[in-house]
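Asker: Following this message is one structure expressed as structure tokens.
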Amino acid sequence: MDGNLNNLKKYVFFEFLNLAGRAFVVVRYSDNVILGNRGFTAEEKENGIILVFNSRMNFLWDDYGITATLVFGTSPQKCFIPVDDIAAVYSPELNAQFVTSPQLTTVNSQQPAVIGQKERVKGQGTSGKGTSKNVIQVDFTKKRK
């Protein structure tokens, strides 16, 4: 099942890239993600990092993830983003997004538990209602100058 979901992430990414010329990727913090010697900031460890890919970039997306040299500021960094750590792919130009949730598992065969979710917002039960601190809000509206 995970392989099909990862193939869907890849498909959506390349469709956005072909249609809009660029695609944004939201990457959740993981020890498996390599961002050169830069690493994640404290805020990025909590909220993830948004990486932008365009059609002119040289990168490789294989079965394991994306390998690319990305520039942060003026510093190029060799990066590897495992496909399992890609939380969302979106395109502001197309006003479209593809978002995945952390994998669910069963605890004590009664209550589903979210793997990787740090904590629930106070007052949120197991019904899934409410919001999580891991939710990323994206504003796709274009700003005019």
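We label chains A, B, ... in the order they appear in the structure tokens, count residues from 1 in each chain, and number ligands from 1 in the order shown.
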Could you list, as a PDB file with all heavy atoms, in the first residue's frame, every residue within 6 Å of Phe80 (chain A), counting only C-alpha atoms and ignoring same-chain residues fewer than 5 positions away?
Answerer:
ATOM      1  N   VAL A  33      16.140  12.268   6.551  1.00  0.00           N
ATOM      2  CA  VAL A  33      16.227  13.382   5.606  1.00  0.00           C
ATOM      3  C   VAL A  33      17.619  14.003   5.723  1.00  0.00           C
ATOM      4  O   VAL A  33      18.087  14.298   6.810  1.00  0.00           O
ATOM      5  CB  VAL A  33      15.148  14.450   5.898  1.00  0.00           C
ATOM      6  CG1 VAL A  33      15.317  15.645   4.963  1.00  0.00           C
ATOM      7  CG2 VAL A  33      13.756  13.856   5.776  1.00  0.00           C
ATOM      8  N   ILE A  34      18.269  14.196   4.580  1.00  0.00           N
ATOM      9  CA  ILE A  34      19.600  14.806   4.544  1.00  0.00           C
ATOM     10  C   ILE A  34      19.497  16.140   3.820  1.00  0.00           C
ATOM     11  O   ILE A  34      19.079  16.185   2.666  1.00  0.00           O
ATOM     12  CB  ILE A  34      20.615  13.887   3.833  1.00  0.00           C
ATOM     13  CG1 ILE A  34      20.725  12.555   4.559  1.00  0.00           C
ATOM     14  CG2 ILE A  34      21.974  14.577   3.714  1.00  0.00           C
ATOM     15  CD1 ILE A  34      21.481  11.494   3.791  1.00  0.00           C
ATOM     16  N   ILE A  66      14.004  11.602  -3.254  1.00  0.00           N
ATOM     17  CA  ILE A  66      14.547  12.610  -4.153  1.00  0.00           C
ATOM     18  C   ILE A  66      15.987  12.912  -3.771  1.00  0.00           C
ATOM     19  O   ILE A  66      16.277  13.206  -2.610  1.00  0.00           O
ATOM     20  CB  ILE A  66      13.732  13.922  -4.079  1.00  0.00           C
ATOM     21  CG1 ILE A  66      12.263  13.670  -4.383  1.00  0.00           C
ATOM     22  CG2 ILE A  66      14.315  14.958  -5.028  1.00  0.00           C
ATOM     23  CD1 ILE A  66      11.368  14.871  -4.127  1.00  0.00           C
ATOM     24  N   THR A  67      16.890  12.846  -4.740  1.00  0.00           N
ATOM     25  CA  THR A  67      18.280  13.219  -4.559  1.00  0.00           C
ATOM     26  C   THR A  67      18.525  14.471  -5.396  1.00  0.00           C
ATOM     27  O   THR A  67      18.225  14.476  -6.592  1.00  0.00           O
ATOM     28  CB  THR A  67      19.217  12.088  -5.014  1.00  0.00           C
ATOM     29  OG1 THR A  67      18.875  10.891  -4.308  1.00  0.00           O
ATOM     30  CG2 THR A  67      20.668  12.436  -4.762  1.00  0.00           C
TER      31      THR A  67
END
Asker: Using only C-alpha atoms, which protein or nucleic acid residues come within 12 Å of Phe59 (chain A)? Drop anything in the same chain fewer than 5 positions from it, and give the result as an MDAnalysis selection string.
Answerer: chainID A and resid 14 52:54 65:70 78:81
Asker: Would you mind exporting the chosen residues as a short mmCIF file (atom, residue, chain, number, x, y, z; two decimals), in the first residue's frame, restricted to N, CA and C atoms?
Answerer:
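Contents of part_33.cif, as written:
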data_model
loop_
_atom_site.label_atom_id
_atom_site.label_comp_id
_atom_site.auth_asym_id
_atom_site.auth_seq_id
_atom_site.Cartn_x
_atom_site.Cartn_y
_atom_site.Cartn_z
N PHE A 14 5.26 15.33 -10.47
CA PHE A 14 5.66 15.55 -11.86
C PHE A 14 4.54 16.19 -12.69
N VAL A 52 11.33 23.83 -2.86
CA VAL A 52 10.78 24.18 -4.17
C VAL A 52 11.64 23.54 -5.25
N PHE A 53 10.99 22.84 -6.16
CA PHE A 53 11.67 22.23 -7.31
C PHE A 53 11.09 22.84 -8.57
N ASN A 54 11.97 23.15 -9.54
CA ASN A 54 11.46 23.65 -10.82
C ASN A 54 11.95 22.75 -11.94
N GLY A 65 13.45 8.03 -2.89
CA GLY A 65 13.22 9.43 -2.60
C GLY A 65 13.85 10.33 -3.64
N ILE A 66 14.00 11.60 -3.25
CA ILE A 66 14.55 12.61 -4.15
C ILE A 66 15.99 12.91 -3.77
N THR A 67 16.89 12.85 -4.74
CA THR A 67 18.28 13.22 -4.56
C THR A 67 18.52 14.47 -5.40
N ALA A 68 19.04 15.53 -4.74
CA ALA A 68 19.24 16.80 -5.45
C ALA A 68 20.26 17.65 -4.72
N THR A 69 20.84 18.59 -5.42
CA THR A 69 21.64 19.64 -4.80
C THR A 69 20.76 20.86 -4.74
N LEU A 70 20.39 21.26 -3.52
CA LEU A 70 19.50 22.41 -3.32
C LEU A 70 20.30 23.56 -2.74
N LYS A 78 24.01 19.09 -0.75
CA LYS A 78 23.60 17.79 -1.29
C LYS A 78 22.49 17.26 -0.38
N CYS A 79 21.34 16.94 -0.96
CA CYS A 79 20.16 16.57 -0.18
C CYS A 79 19.58 15.24 -0.63
N PHE A 80 18.94 14.57 0.33
CA PHE A 80 18.16 13.38 0.04
C PHE A 80 16.89 13.45 0.87
N ILE A 81 15.74 13.36 0.19
CA ILE A 81 14.45 13.41 0.85
C ILE A 81 13.76 12.07 0.62
#
Asker: Of the residues A:Val12, A:Phe98, A:Pro92, A:Val26, which is the one nearest to Leu51 (chain A), using only C-alpha atoms?
Answerer: A:Val26
Asker: What does the structure give for the distance between CA of Leu8 (chain A) and CA of Val25 (chain A), in Å to one decimal?
Answerer: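 Going from CA of Leu8 (chain A) over to CA of Val25 (chain A) covers 13.6 Å.
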Asker: Compile the contact shell of Ala23 (chain A) as a PyMOL selection string: residues with an atom at most 12 Å away, counting only C-alpha atoms, same-chain residues fewer than 5 positions apart removed.
Answerer: chain A and resi 9-18+50-57+88-98
Asker: By how many Å are CA of Val27 (chain A) and CA of Glu43 (chain A) apart?
Answerer: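 Pair CA of Val27 (chain A) / CA of Glu43 (chain A) returns 12.7 Å.
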Asker: For Arg28 (chain A), which of A:Asp63, A:Asn58, A:Ser101, A:Ala87 is the closest residue, counting only C-alpha atoms?
Answerer: A:Ala87
Asker: When you draw a straight line from CA of Asn32 (chain A) to CA of Ser75 (chain A), how long is it in Å?
Answerer: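 Spanning CA of Asn32 (chain A) to CA of Ser75 (chain A) is a straight-line distance of 21.0 Å.
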Asker: From the options A:Asn6, A:Gly21, A:Gly48, A:Pro102, which residue's atoms come nearest to Pro82 (chain A), counting only C-alpha atoms?
Answerer: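 Using only C-alpha atoms, the shortest distance to Pro82 (chain A) belongs to A:Asn6.
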